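Source file: start.cif; contents: mmCIF, C-alpha atoms.
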```
data_final
loop_
_atom_site.group_PDB
_atom_site.id
_atom_site.type_symbol
_atom_site.label_atom_id
_atom_site.label_comp_id
_atom_site.auth_asym_id
_atom_site.auth_seq_id
_atom_site.Cartn_x
_atom_site.Cartn_y
_atom_site.Cartn_z
ATOM 1 C CA MET A 1306 34.730 27.050 -117.190
ATOM 2 C CA LYS A 1307 38.225 28.296 -116.540
ATOM 3 C CA LYS A 1308 38.307 29.930 -119.948
ATOM 4 C CA ILE A 1309 35.053 31.752 -119.317
ATOM 5 C CA LEU A 1310 36.300 32.922 -115.956
ATOM 6 C CA PHE A 1311 39.496 34.106 -117.531
ATOM 7 C CA LEU A 1312 37.607 35.970 -120.253
ATOM 8 C CA LEU A 1313 35.287 37.529 -117.718
ATOM 9 C CA LEU A 1314 38.256 38.626 -115.664
ATOM 10 C CA LEU A 1315 39.897 40.050 -118.751
ATOM 11 C CA ILE A 1316 36.801 42.067 -119.696
ATOM 12 C CA TYR A 1317 36.317 43.193 -116.129
ATOM 13 C CA GLY A 1318 39.970 44.083 -115.879
ATOM 14 C CA THR A 1319 40.027 46.203 -119.021
ATOM 15 C CA SER A 1320 36.870 48.074 -118.056
ATOM 16 C CA CYS A 1321 38.337 48.825 -114.655
ATOM 17 C CA PHE A 1322 41.601 49.881 -116.173
ATOM 18 C CA SER A 1323 40.566 53.425 -116.885
ATOM 19 C CA GLN A 1324 42.990 56.093 -117.872
ATOM 20 C CA LYS A 1325 44.360 58.381 -115.253
ATOM 21 C CA TYR A 1326 46.217 61.635 -115.602
ATOM 22 C CA PHE A 1327 48.258 63.011 -112.752
ATOM 23 C CA THR A 1328 50.878 65.443 -111.530
ATOM 24 C CA ARG A 1329 52.912 65.863 -108.375
ATOM 25 C CA THR A 1330 54.006 69.386 -109.110
ATOM 26 C CA GLY A 1331 50.814 71.308 -109.818
ATOM 27 C CA ALA A 1332 50.748 75.032 -109.052
ATOM 28 C CA THR A 1333 48.135 76.295 -106.595
ATOM 29 C CA ASP A 1334 48.341 80.025 -105.857
ATOM 30 C CA PHE A 1335 46.414 82.230 -103.543
ATOM 31 C CA LYS A 1336 46.080 85.973 -103.268
ATOM 32 C CA ALA A 1337 44.631 87.890 -100.356
ATOM 33 C CA SER A 1338 46.169 91.252 -101.106
ATOM 34 C CA VAL A 1339 44.642 94.613 -100.406
ATOM 35 C CA ASP A 1340 45.686 97.629 -102.481
ATOM 36 C CA PHE A 1341 48.365 99.874 -100.937
ATOM 37 C CA PHE A 1342 49.424 97.183 -98.467
ATOM 38 C CA GLU A 1343 52.066 94.499 -98.597
ATOM 39 C CA PRO A 1344 50.947 91.869 -101.173
ATOM 40 C CA ILE A 1345 49.784 88.687 -99.477
ATOM 41 C CA GLU A 1346 50.266 85.850 -101.886
ATOM 42 C CA ALA A 1347 51.906 82.464 -102.026
ATOM 43 C CA LYS A 1348 52.586 79.654 -104.430
ATOM 44 C CA ASN A 1349 52.391 75.942 -103.854
ATOM 45 C CA LYS A 1350 54.196 74.103 -106.623
ATOM 46 C CA SER A 1351 53.868 70.653 -105.087
ATOM 47 C CA THR A 1352 50.188 69.911 -105.531
ATOM 48 C CA THR A 1353 49.316 66.295 -106.283
ATOM 49 C CA VAL A 1354 46.409 65.924 -108.698
ATOM 50 C CA LEU A 1355 44.813 62.754 -110.021
ATOM 51 C CA LEU A 1356 42.160 62.839 -112.760
ATOM 52 C CA LYS A 1357 40.217 59.784 -113.855
ATOM 53 C CA THR A 1358 39.384 60.591 -117.465
ATOM 54 C CA SER A 1359 36.603 58.011 -117.842
ATOM 55 C CA THR A 1360 34.452 59.634 -115.160
ATOM 56 C CA GLY A 1361 35.952 63.101 -114.732
ATOM 57 C CA GLU A 1362 36.592 62.464 -111.056
ATOM 58 C CA ILE A 1363 39.416 64.571 -109.700
ATOM 59 C CA VAL A 1364 41.400 64.499 -106.472
ATOM 60 C CA ALA A 1365 43.885 67.187 -105.467
ATOM 61 C CA GLN A 1366 45.981 67.342 -102.364
ATOM 62 C CA LEU A 1367 48.546 69.794 -101.100
ATOM 63 C CA PHE A 1368 50.609 70.386 -98.013
ATOM 64 C CA MET A 1369 50.169 73.743 -96.293
ATOM 65 C CA THR A 1370 53.845 74.055 -95.434
ATOM 66 C CA ALA A 1371 54.757 73.842 -99.126
ATOM 67 C CA PHE A 1372 53.242 77.267 -99.768
ATOM 68 C CA GLN A 1373 56.115 79.582 -100.567
ATOM 69 C CA PHE A 1374 55.950 83.257 -99.683
ATOM 70 C CA LYS A 1375 58.389 85.968 -100.645
ATOM 71 C CA ILE A 1376 58.633 87.047 -97.020
ATOM 72 C CA GLY A 1377 59.805 84.549 -94.423
ATOM 73 C CA LEU A 1378 57.886 86.051 -91.524
ATOM 74 C CA MET A 1379 54.650 85.984 -93.506
ATOM 75 C CA GLN A 1380 55.189 82.308 -94.265
ATOM 76 C CA GLU A 1381 55.774 81.609 -90.575
ATOM 77 C CA HIS A 1382 52.590 83.414 -89.531
ATOM 78 C CA PHE A 1383 50.601 81.675 -92.243
ATOM 79 C CA ASN A 1384 51.656 78.248 -90.992
ATOM 80 C CA GLU A 1385 51.642 78.896 -87.266
ATOM 81 C CA ASN A 1386 48.862 81.399 -86.608
ATOM 82 C CA TYR A 1387 46.376 81.117 -89.433
ATOM 83 C CA MET A 1388 46.466 77.670 -90.992
ATOM 84 C CA GLU A 1389 47.899 75.746 -88.008
ATOM 85 C CA SER A 1390 49.789 73.676 -90.569
ATOM 86 C CA TYR A 1391 51.260 71.328 -88.009
ATOM 87 C CA THR A 1392 47.801 70.313 -86.756
ATOM 88 C CA TYR A 1393 46.154 70.356 -90.186
ATOM 89 C CA PRO A 1394 48.966 69.645 -92.671
ATOM 90 C CA LYS A 1395 46.843 69.036 -95.766
ATOM 91 C CA ALA A 1396 44.226 70.656 -97.906
ATOM 92 C CA THR A 1397 42.270 68.337 -100.169
ATOM 93 C CA PHE A 1398 39.794 68.700 -102.964
ATOM 94 C CA LYS A 1399 37.588 65.848 -104.135
ATOM 95 C CA GLY A 1400 35.273 66.520 -106.996
ATOM 96 C CA LYS A 1401 34.108 65.942 -110.507
ATOM 97 C CA LEU A 1402 34.267 67.593 -113.889
ATOM 98 C CA VAL A 1403 30.629 67.433 -115.014
ATOM 99 C CA ASP A 1404 30.106 65.618 -118.347
ATOM 100 C CA PHE A 1405 33.814 65.280 -118.926
ATOM 101 C CA ASN A 1406 34.782 63.436 -122.081
ATOM 102 C CA LEU A 1407 38.408 63.192 -123.111
ATOM 103 C CA SER A 1408 37.628 62.299 -126.744
ATOM 104 C CA THR A 1409 35.673 65.517 -127.386
ATOM 105 C CA ILE A 1410 38.021 67.793 -125.485
ATOM 106 C CA ASP A 1411 39.054 69.611 -128.668
ATOM 107 C CA LYS A 1412 35.494 70.856 -129.150
ATOM 108 C CA LYS A 1413 34.635 71.536 -125.551
ATOM 109 C CA SER A 1414 37.249 72.852 -123.185
ATOM 110 C CA ASN A 1415 35.240 74.371 -120.330
ATOM 111 C CA TYR A 1416 33.645 72.146 -117.745
ATOM 112 C CA THR A 1417 31.787 72.724 -114.536
ATOM 113 C CA LEU A 1418 33.908 71.605 -111.614
ATOM 114 C CA LYS A 1419 32.043 70.588 -108.491
ATOM 115 C CA GLY A 1420 33.542 69.256 -105.346
ATOM 116 C CA ILE A 1421 34.412 69.498 -101.690
ATOM 117 C CA LEU A 1422 37.387 71.494 -100.510
ATOM 118 C CA THR A 1423 38.718 70.589 -97.087
ATOM 119 C CA ILE A 1424 41.036 72.931 -95.218
ATOM 120 C CA ARG A 1425 41.755 72.754 -91.484
ATOM 121 C CA GLY A 1426 39.368 69.794 -91.300
ATOM 122 C CA ILE A 1427 36.465 71.958 -92.460
ATOM 123 C CA SER A 1428 34.702 71.125 -95.719
ATOM 124 C CA LYS A 1429 33.135 73.525 -98.172
ATOM 125 C CA GLU A 1430 31.402 72.875 -101.451
ATOM 126 C CA ILE A 1431 33.017 74.555 -104.435
ATOM 127 C CA THR A 1432 31.491 75.081 -107.868
ATOM 128 C CA THR A 1433 33.502 76.755 -110.590
ATOM 129 C CA THR A 1434 34.470 76.436 -114.233
ATOM 130 C CA ALA A 1435 37.634 74.645 -115.238
ATOM 131 C CA SER A 1436 39.313 74.857 -118.600
ATOM 132 C CA LEU A 1437 41.077 71.816 -120.005
ATOM 133 C CA LYS A 1438 43.367 71.514 -122.946
ATOM 134 C CA LYS A 1439 44.925 68.419 -124.420
ATOM 135 C CA ASP A 1440 48.328 68.716 -125.926
ATOM 136 C CA LYS A 1441 49.819 65.433 -127.165
ATOM 137 C CA LYS A 1442 50.673 63.684 -123.906
ATOM 138 C CA GLN A 1443 49.728 66.447 -121.516
ATOM 139 C CA LEU A 1444 46.457 67.685 -120.175
ATOM 140 C CA THR A 1445 46.424 71.263 -118.886
ATOM 141 C CA PHE A 1446 43.873 72.055 -116.219
ATOM 142 C CA LYS A 1447 43.129 75.611 -115.111
ATOM 143 C CA ALA A 1448 40.547 76.978 -112.712
ATOM 144 C CA ASN A 1449 39.894 79.870 -110.342
ATOM 145 C CA PHE A 1450 37.634 80.266 -107.371
ATOM 146 C CA SER A 1451 37.512 82.235 -104.167
ATOM 147 C CA VAL A 1452 36.919 81.446 -100.535
ATOM 148 C CA THR A 1453 36.816 83.516 -97.378
ATOM 149 C CA PRO A 1454 38.852 82.999 -94.210
ATOM 150 C CA LYS A 1455 35.505 82.702 -92.396
ATOM 151 C CA ASP A 1456 34.597 79.595 -94.423
ATOM 152 C CA PHE A 1457 37.367 77.722 -92.674
ATOM 153 C CA GLU A 1458 37.074 79.450 -89.298
ATOM 154 C CA ILE A 1459 40.339 81.294 -89.690
ATOM 155 C CA GLU A 1460 40.433 84.170 -87.252
ATOM 156 C CA ILE A 1461 42.282 87.258 -88.315
ATOM 157 C CA PRO A 1462 43.398 89.606 -85.529
ATOM 158 C CA ALA A 1463 41.925 93.119 -85.682
ATOM 159 C CA ILE A 1464 45.359 94.686 -86.064
ATOM 160 C CA VAL A 1465 45.952 93.129 -89.489
ATOM 161 C CA ARG A 1466 42.332 92.795 -90.631
ATOM 162 C CA LYS A 1467 42.586 95.746 -92.990
ATOM 163 C CA LYS A 1468 45.648 94.312 -94.702
ATOM 164 C CA ILE A 1469 44.129 90.938 -95.543
ATOM 165 C CA ALA A 1470 41.433 90.712 -98.186
ATOM 166 C CA LYS A 1471 37.982 89.447 -97.178
ATOM 167 C CA LYS A 1472 38.002 87.252 -100.269
ATOM 168 C CA VAL A 1473 40.925 84.968 -101.033
ATOM 169 C CA ASP A 1474 41.414 84.171 -104.712
ATOM 170 C CA ILE A 1475 42.760 80.735 -105.477
ATOM 171 C CA SER A 1476 44.066 79.794 -108.882
ATOM 172 C CA LEU A 1477 44.931 76.315 -110.061
ATOM 173 C CA ASP A 1478 47.275 75.496 -112.893
ATOM 174 C CA TYR A 1479 47.999 71.815 -113.334
ATOM 175 C CA VAL A 1480 49.834 70.085 -116.150
ATOM 176 C CA LEU A 1481 48.818 66.443 -115.986
ATOM 177 C CA GLU A 1482 50.603 63.513 -117.541
ATOM 178 C CA LYS A 1483 49.299 60.072 -118.314
ATOM 179 C CA LYS A 1484 49.766 57.693 -115.427
ATOM 180 C CA VAL A 1485 51.361 54.392 -116.351
ATOM 181 C CA MET B 525 76.986 128.332 -82.719
ATOM 182 C CA SER B 526 73.982 127.052 -80.781
ATOM 183 C CA LEU B 527 72.023 126.850 -84.019
ATOM 184 C CA LYS B 528 74.686 124.668 -85.573
ATOM 185 C CA LYS B 529 74.606 122.373 -82.562
ATOM 186 C CA LYS B 530 70.850 122.083 -82.929
ATOM 187 C CA TYR B 531 71.239 121.078 -86.575
ATOM 188 C CA LYS B 532 73.830 118.514 -85.648
ATOM 189 C CA ILE B 533 71.482 116.930 -83.120
ATOM 190 C CA ILE B 534 68.593 116.899 -85.559
ATOM 191 C CA ILE B 535 70.680 115.384 -88.354
ATOM 192 C CA SER B 536 72.147 112.684 -86.140
ATOM 193 C CA LEU B 537 68.700 111.828 -84.769
ATOM 194 C CA LEU B 538 67.329 111.550 -88.293
ATOM 195 C CA LEU B 539 70.218 109.293 -89.232
ATOM 196 C CA ILE B 540 69.621 107.039 -86.249
ATOM 197 C CA ILE B 541 65.881 106.814 -86.917
ATOM 198 C CA SER B 542 66.295 106.089 -90.617
ATOM 199 C CA SER B 543 68.959 103.458 -90.066
ATOM 200 C CA THR B 544 66.880 101.635 -87.420
ATOM 201 C CA CYS B 545 63.892 101.786 -89.763
ATOM 202 C CA TYR B 546 66.014 100.330 -92.537
ATOM 203 C CA VAL B 547 67.401 97.530 -90.364
ATOM 204 C CA GLY B 548 63.955 96.752 -88.961
ATOM 205 C CA PHE B 549 62.361 96.748 -92.383
ATOM 206 C CA THR B 550 64.944 94.450 -93.937
ATOM 207 C CA PHE B 551 64.530 92.111 -90.964
ATOM 208 C CA LEU B 552 60.749 92.021 -91.392
ATOM 209 C CA MET B 553 60.927 91.580 -95.143
ATOM 210 C CA LYS B 554 63.579 88.884 -95.094
ATOM 211 C CA ALA B 555 63.039 86.051 -97.587
ATOM 212 C CA PRO B 556 62.545 82.544 -96.180
ATOM 213 C CA GLU B 557 65.816 80.801 -95.381
ATOM 214 C CA LYS B 558 67.357 78.865 -98.253
ATOM 215 C CA ILE B 559 67.707 75.103 -98.143
ATOM 216 C CA GLU B 560 71.461 75.293 -98.692
ATOM 217 C CA THR B 561 72.091 76.959 -95.333
ATOM 218 C CA LYS B 562 69.519 75.096 -93.252
ATOM 219 C CA ALA B 563 70.739 72.563 -90.702
ATOM 220 C CA VAL B 564 70.159 68.890 -91.488
ATOM 221 C CA PHE B 565 67.783 67.144 -89.052
ATOM 222 C CA PHE B 566 68.325 63.601 -90.295
ATOM 223 C CA SER B 567 71.028 62.195 -92.512
ATOM 224 C CA SER B 568 70.984 58.571 -93.620
ATOM 225 C CA SER B 569 69.864 56.271 -96.412
ATOM 226 C CA ALA B 570 66.478 56.710 -98.072
ATOM 227 C CA LYS B 571 65.410 53.266 -96.834
ATOM 228 C CA ASP B 572 66.341 54.217 -93.299
ATOM 229 C CA LEU B 573 64.133 57.314 -93.522
ATOM 230 C CA LEU B 574 61.193 55.198 -94.728
ATOM 231 C CA PHE B 575 61.724 52.812 -91.821
ATOM 232 C CA ASN B 576 61.858 55.655 -89.304
ATOM 233 C CA PHE B 577 58.931 57.451 -90.891
ATOM 234 C CA GLN B 578 56.744 54.362 -90.646
ATOM 235 C CA LYS B 579 57.644 53.983 -86.975
ATOM 236 C CA ASN B 580 56.627 57.548 -86.153
ATOM 237 C CA ASP B 581 55.196 59.843 -88.801
ATOM 238 C CA THR B 582 54.437 62.851 -86.604
ATOM 239 C CA VAL B 583 57.828 64.510 -86.246
ATOM 240 C CA TRP B 584 58.817 64.847 -89.892
ATOM 241 C CA SER B 585 56.830 67.780 -91.237
ATOM 242 C CA SER B 586 59.141 70.468 -92.689
ATOM 243 C CA LYS B 587 62.278 68.685 -91.482
ATOM 244 C CA ILE B 588 65.463 68.979 -93.529
ATOM 245 C CA VAL B 589 66.953 65.643 -94.472
ATOM 246 C CA GLN B 590 69.978 64.435 -96.352
ATOM 247 C CA LEU B 591 69.376 61.137 -98.103
ATOM 248 C CA LYS B 592 71.302 58.576 -100.051
ATOM 249 C CA GLY B 593 69.377 56.246 -102.300
ATOM 250 C CA VAL B 594 68.872 54.635 -105.678
ATOM 251 C CA ILE B 595 66.984 56.622 -108.315
ATOM 252 C CA THR B 596 64.052 54.496 -109.467
ATOM 253 C CA ALA B 597 62.255 57.061 -111.633
ATOM 254 C CA ILE B 598 62.942 60.436 -113.185
ATOM 255 C CA GLY B 599 60.176 62.928 -113.913
ATOM 256 C CA SER B 600 60.170 66.399 -115.406
ATOM 257 C CA LYS B 601 60.609 68.226 -112.091
ATOM 258 C CA GLY B 602 61.802 65.586 -109.700
ATOM 259 C CA ILE B 603 63.116 62.116 -109.078
ATOM 260 C CA THR B 604 61.941 59.104 -107.108
ATOM 261 C CA LEU B 605 64.206 57.341 -104.642
ATOM 262 C CA GLU B 606 63.644 53.673 -103.737
ATOM 263 C CA ASN B 607 60.167 53.746 -105.396
ATOM 264 C CA GLN B 608 58.652 55.483 -102.392
ATOM 265 C CA ILE B 609 60.223 58.906 -101.937
ATOM 266 C CA TYR B 610 59.423 61.612 -104.451
ATOM 267 C CA CYS B 611 61.982 64.418 -104.383
ATOM 268 C CA GLN B 612 60.870 67.590 -106.132
ATOM 269 C CA LEU B 613 64.001 69.422 -107.203
ATOM 270 C CA LYS B 614 64.723 73.029 -106.412
ATOM 271 C CA GLU B 615 64.003 75.162 -109.453
ATOM 272 C CA GLU B 616 67.565 75.754 -110.624
ATOM 273 C CA GLN B 617 68.407 72.030 -110.413
ATOM 274 C CA ASP B 618 68.301 70.068 -113.654
ATOM 275 C CA VAL B 619 66.875 66.533 -113.907
ATOM 276 C CA ALA B 620 69.449 65.825 -116.626
ATOM 277 C CA ASN B 621 72.066 65.614 -113.858
ATOM 278 C CA PHE B 622 70.452 62.449 -112.530
ATOM 279 C CA LYS B 623 70.736 58.953 -113.977
ATOM 280 C CA LEU B 624 68.302 56.096 -113.473
ATOM 281 C CA ASN B 625 69.392 53.249 -111.172
ATOM 282 C CA THR B 626 72.333 55.155 -109.761
ATOM 283 C CA LEU B 627 73.058 56.082 -106.166
ATOM 284 C CA VAL B 628 72.592 59.746 -105.314
ATOM 285 C CA SER B 629 72.839 62.062 -102.301
ATOM 286 C CA LEU B 630 70.182 64.722 -101.862
ATOM 287 C CA LYS B 631 69.316 67.422 -99.373
ATOM 288 C CA GLY B 632 65.663 68.378 -99.197
ATOM 289 C CA ARG B 633 62.685 69.229 -97.057
ATOM 290 C CA ILE B 634 59.995 66.714 -96.118
ATOM 291 C CA ILE B 635 56.545 68.093 -96.820
ATOM 292 C CA GLY B 636 54.564 65.004 -95.904
ATOM 293 C CA TYR B 637 53.129 61.654 -96.853
ATOM 294 C CA ASP B 638 51.070 61.865 -100.012
ATOM 295 C CA ASP B 639 48.269 59.336 -99.611
ATOM 296 C CA VAL B 640 46.918 59.904 -103.133
ATOM 297 C CA LEU B 641 50.058 58.455 -104.720
ATOM 298 C CA GLU B 642 51.254 56.632 -101.591
ATOM 299 C CA GLU B 643 54.698 58.122 -101.361
ATOM 300 C CA LEU B 644 56.707 60.389 -99.135
ATOM 301 C CA LYS B 645 57.118 63.825 -100.657
ATOM 302 C CA LEU B 646 60.090 66.174 -100.432
ATOM 303 C CA ASP B 647 60.602 69.571 -102.008
ATOM 304 C CA GLN B 648 63.493 72.002 -102.633
ATOM 305 C CA CYS B 649 65.847 69.066 -103.220
ATOM 306 C CA ILE B 650 69.446 69.757 -104.195
ATOM 307 C CA LYS B 651 72.098 67.289 -105.264
ATOM 308 C CA ILE B 652 74.911 66.846 -102.790
ATOM 309 C CA ILE B 653 78.280 66.314 -104.370
ATOM 310 C CA PRO B 654 80.388 64.338 -101.925
ATOM 311 C CA THR B 655 83.579 66.126 -100.914
ATOM 312 C CA LEU B 656 86.644 63.932 -101.053
#
```

Full structure transcribed into structure tokens:
Amino acid sequence: MKKILFLLLLIYGTSCFSQKYFTRTGATDFKASVDFFEPIEAKNKSTTVLLKTSTGEIVAQLFMTAFQFKIGLMQEHFNENYMESYTYPKATFKGKLVDFNLSTIDKKSNYTLKGILTIRGISKEITTTASLKKDKKQLTFKANFSVTPKDFEIEIPAIVRKKIAKKVDISLDYVLEKKV
Amino acid sequence: MSLKKKYKIIISLLLIISSTCYVGFTFLMKAPEKIETKAVFFSSSAKDLLFNFQKNDTVWSSKIVQLKGVITAIGSKGITLENQIYCQLKEEQDVANFKLNTLVSLKGRIIGYDDVLEELKLDQCIKIIPTL
């Protein structure tokens, strides 16, 4: 009986032990620039991403205050006036790469990415295409999508409205490593 | 003579306007302050920070800390202190300067508690070389 239990546990354990790929230092960029005005863009190089390769489930999380701007004042306004980073410190994405299969990644590199993006406590469904590439131990994940400030109830004062794009482009570039 | 005086006034006014514009513009366009010159909010051991963070996790966002702790893991862009604090290094810092299982002093900025990987996360970390 004990042996059977042990075997069952072993089988159960191995099936549960699915491979995960992750990073703590993924790059998430956004651009909301308008031509002829000061470029509005920032980089977050501290995005945590976890990808379960057996199911294609993906979780990404970043801290708003880790967005780095070239201009200090812009960074301050971003955190204090627009994102309210001290009230809503995180942005999260929970989703899935549709029909993801790590073993056939060499043949198929583009996958539909579907999921929920949460910023300022407000959730929005995102559907885009992600490209994945396997390179020995690393898995490179790239995707782009756009959102609007309205989606997340971010109010932009009339005085700067012309300088901030209606559509904010977000690009993701994550190099994932196998999680031990 | 009066014409010359007029020119002088105009030139000096232009100079004043352009210099204030320049000063104002450089002030507005200033880069964010560097970690090296920022004042330290909390300086202690890494374990002490974890203890204090668990007691009250609301005050730590964006705070500059100086920590001393044992390196328990080394990654490509950062190191882990005491298994629970991930310190992402500032870009010009090299992970090769850190050795596993040794004591190290770091200055960095807390960005928050990462509940995906269950660790405290710091960025812009720089190695502090103790002055004798």

message = Measuring between all atoms listed in the file, which one of B:Lys554, B:Lys623, B:Lys529, B:Lys592 shows the shortest distance to chain A?
response =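 Answer, going by the shortest atom-to-atom distance: B:Lys554.
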
request  = Can you work out which one of A:Glu1346, A:Asp1440, A:Glu1430, A:Glu1482 has the shortest atom-to-atom distance to chain B, counting only C-alpha atoms?
outcome  = A:Glu1482

ask   = Near chain B, which residues of chain A fall within 8 Å when you count all atoms listed in the file, and what do they look like as a PyMOL selection string?
value = chain A and resi 1330+1351+1353+1355+1364+1366+1368+1370-1371+1374-1378+1380+1391+1394

key: Evaluate the PyMOL selection byres ((chain A and resi 1454) around 10) and report residues as number ranges by chain   = A: 1337, 1387-1388, 1452-1453, 1455-1461, 1469-1473

task = Specify as a PyMOL selection string each residue included when the PyMOL selection byres ((chain A and resi 1399) around 7) is applied to this file.
result = chain A and resi 1363-1365+1397-1398+1400+1420-1422

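Using all atoms listed in the file, the shortest contact distance between B:Glu606 and any of B:Ser542, B:Thr550, B:Asn580, B:Asn625 is found at B:Asn625.
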
remark   = What separates atom CA of B:Ala620 and atom CA of A:Leu1477 is a distance of 27.5 Å

request  = Do a neighbour search on B:Thr604 at 10 Å with all atoms listed in the file, toss out local chain neighbours closer than 3 positions, and write the hits as an MDAnalysis selection string.
outcome  = chainID B and resid 593:599 607:612 624 643:646

Take the residues just selected and output them with C-alpha atoms as an mmCIF file, keeping the file's coordinate frame.
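Printed below is out-v2.cif as written:
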```
data_model
loop_
_atom_site.group_PDB
_atom_site.id
_atom_site.type_symbol
_atom_site.label_atom_id
_atom_site.label_comp_id
_atom_site.auth_asym_id
_atom_site.auth_seq_id
_atom_site.Cartn_x
_atom_site.Cartn_y
_atom_site.Cartn_z
ATOM 1 C CA GLY B 593 69.377 56.246 -102.300
ATOM 2 C CA VAL B 594 68.872 54.635 -105.678
ATOM 3 C CA ILE B 595 66.984 56.622 -108.315
ATOM 4 C CA THR B 596 64.052 54.496 -109.467
ATOM 5 C CA ALA B 597 62.255 57.061 -111.633
ATOM 6 C CA ILE B 598 62.942 60.436 -113.185
ATOM 7 C CA GLY B 599 60.176 62.928 -113.913
ATOM 8 C CA ASN B 607 60.167 53.746 -105.396
ATOM 9 C CA GLN B 608 58.652 55.483 -102.392
ATOM 10 C CA ILE B 609 60.223 58.906 -101.937
ATOM 11 C CA TYR B 610 59.423 61.612 -104.451
ATOM 12 C CA CYS B 611 61.982 64.418 -104.383
ATOM 13 C CA GLN B 612 60.870 67.590 -106.132
ATOM 14 C CA LEU B 624 68.302 56.096 -113.473
ATOM 15 C CA GLU B 643 54.698 58.122 -101.361
ATOM 16 C CA LEU B 644 56.707 60.389 -99.135
ATOM 17 C CA LYS B 645 57.118 63.825 -100.657
ATOM 18 C CA LEU B 646 60.090 66.174 -100.432
#
```

task = Counting all atoms listed in the file, figure out which residue out of B:Cys649, B:Ile534, B:Leu591, B:Leu573 gets nearest to B:Asp618.
result =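 The shortest atom-to-atom distance to B:Asp618 comes from B:Cys649.
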
ask   = To one decimal place, how far is atom CA of A:Asp1474 from atom CA of A:Ile1410 in Å?
value = 26.7 Å

task = Tell me which of B:Val619, B:Ser543, B:Gly632, B:Ser568 sits closest to B:Lys587, counting all atoms listed in the file.
result = B:Gly632

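Taking atom CA of B:Gln578 and atom CA of A:Leu1481 as the two end points, the separation is 29.2 Å.
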
I'd like to see the residues matched by the PyMOL selection byres ((chain A and resi 1405) around 7) on this file, and ideally I'd get them as a PDB file with C-alpha atoms, in the frame of the given file.
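Below is the file that was written, result.pdb:
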```
ATOM      1  CA  THR A1360      34.452  59.634-115.160  1.00  0.00           C
ATOM      2  CA  GLY A1361      35.952  63.101-114.732  1.00  0.00           C
ATOM      3  CA  LEU A1402      34.267  67.593-113.889  1.00  0.00           C
ATOM      4  CA  VAL A1403      30.629  67.433-115.014  1.00  0.00           C
ATOM      5  CA  ASP A1404      30.106  65.618-118.347  1.00  0.00           C
ATOM      6  CA  ASN A1406      34.782  63.436-122.081  1.00  0.00           C
ATOM      7  CA  LEU A1407      38.408  63.192-123.111  1.00  0.00           C
ATOM      8  CA  TYR A1416      33.645  72.146-117.745  1.00  0.00           C
TER       9      TYR A1416
END
```

Since the input lacks atoms, please generate N, CA and C atoms for stretch 1425-1436 of chain A and provide them as a PDB file, keeping the file's coordinate frame.
```pdb
ATOM      1  N   ARG A1425      41.853  72.732 -92.943  1.00  0.00           N
ATOM      2  CA  ARG A1425      41.755  72.754 -91.484  1.00  0.00           C
ATOM      3  C   ARG A1425      40.635  71.837 -90.973  1.00  0.00           C
ATOM      4  N   GLY A1426      40.388  70.748 -91.704  1.00  0.00           N
ATOM      5  CA  GLY A1426      39.368  69.794 -91.300  1.00  0.00           C
ATOM      6  C   GLY A1426      37.945  70.262 -91.541  1.00  0.00           C
ATOM      7  N   ILE A1427      37.797  71.425 -92.199  1.00  0.00           N
ATOM      8  CA  ILE A1427      36.465  71.958 -92.460  1.00  0.00           C
ATOM      9  C   ILE A1427      36.185  71.874 -93.964  1.00  0.00           C
ATOM     10  N   SER A1428      35.026  71.337 -94.308  1.00  0.00           N
ATOM     11  CA  SER A1428      34.702  71.125 -95.719  1.00  0.00           C
ATOM     12  C   SER A1428      33.760  72.197 -96.255  1.00  0.00           C
ATOM     13  N   LYS A1429      33.989  72.536 -97.522  1.00  0.00           N
ATOM     14  CA  LYS A1429      33.135  73.525 -98.172  1.00  0.00           C
ATOM     15  C   LYS A1429      32.913  73.093 -99.614  1.00  0.00           C
ATOM     16  N   GLU A1430      31.674  73.251-100.075  1.00  0.00           N
ATOM     17  CA  GLU A1430      31.402  72.875-101.451  1.00  0.00           C
ATOM     18  C   GLU A1430      31.848  73.993-102.388  1.00  0.00           C
ATOM     19  N   ILE A1431      32.508  73.592-103.465  1.00  0.00           N
ATOM     20  CA  ILE A1431      33.017  74.555-104.435  1.00  0.00           C
ATOM     21  C   ILE A1431      32.411  74.235-105.804  1.00  0.00           C
ATOM     22  N   THR A1432      31.933  75.254-106.481  1.00  0.00           N
ATOM     23  CA  THR A1432      31.491  75.081-107.868  1.00  0.00           C
ATOM     24  C   THR A1432      32.140  76.179-108.697  1.00  0.00           C
ATOM     25  N   THR A1433      32.827  75.778-109.738  1.00  0.00           N
ATOM     26  CA  THR A1433      33.502  76.755-110.590  1.00  0.00           C
ATOM     27  C   THR A1433      33.623  76.176-112.002  1.00  0.00           C
ATOM     28  N   THR A1434      34.253  76.931-112.878  1.00  0.00           N
ATOM     29  CA  THR A1434      34.470  76.436-114.233  1.00  0.00           C
ATOM     30  C   THR A1434      35.957  76.149-114.405  1.00  0.00           C
ATOM     31  N   ALA A1435      36.244  75.007-114.983  1.00  0.00           N
ATOM     32  CA  ALA A1435      37.634  74.645-115.238  1.00  0.00           C
ATOM     33  C   ALA A1435      37.853  74.546-116.739  1.00  0.00           C
ATOM     34  N   SER A1436      39.010  75.005-117.180  1.00  0.00           N
ATOM     35  CA  SER A1436      39.313  74.857-118.600  1.00  0.00           C
ATOM     36  C   SER A1436      40.365  73.767-118.770  1.00  0.00           C
TER      37      SER A1436
END
```
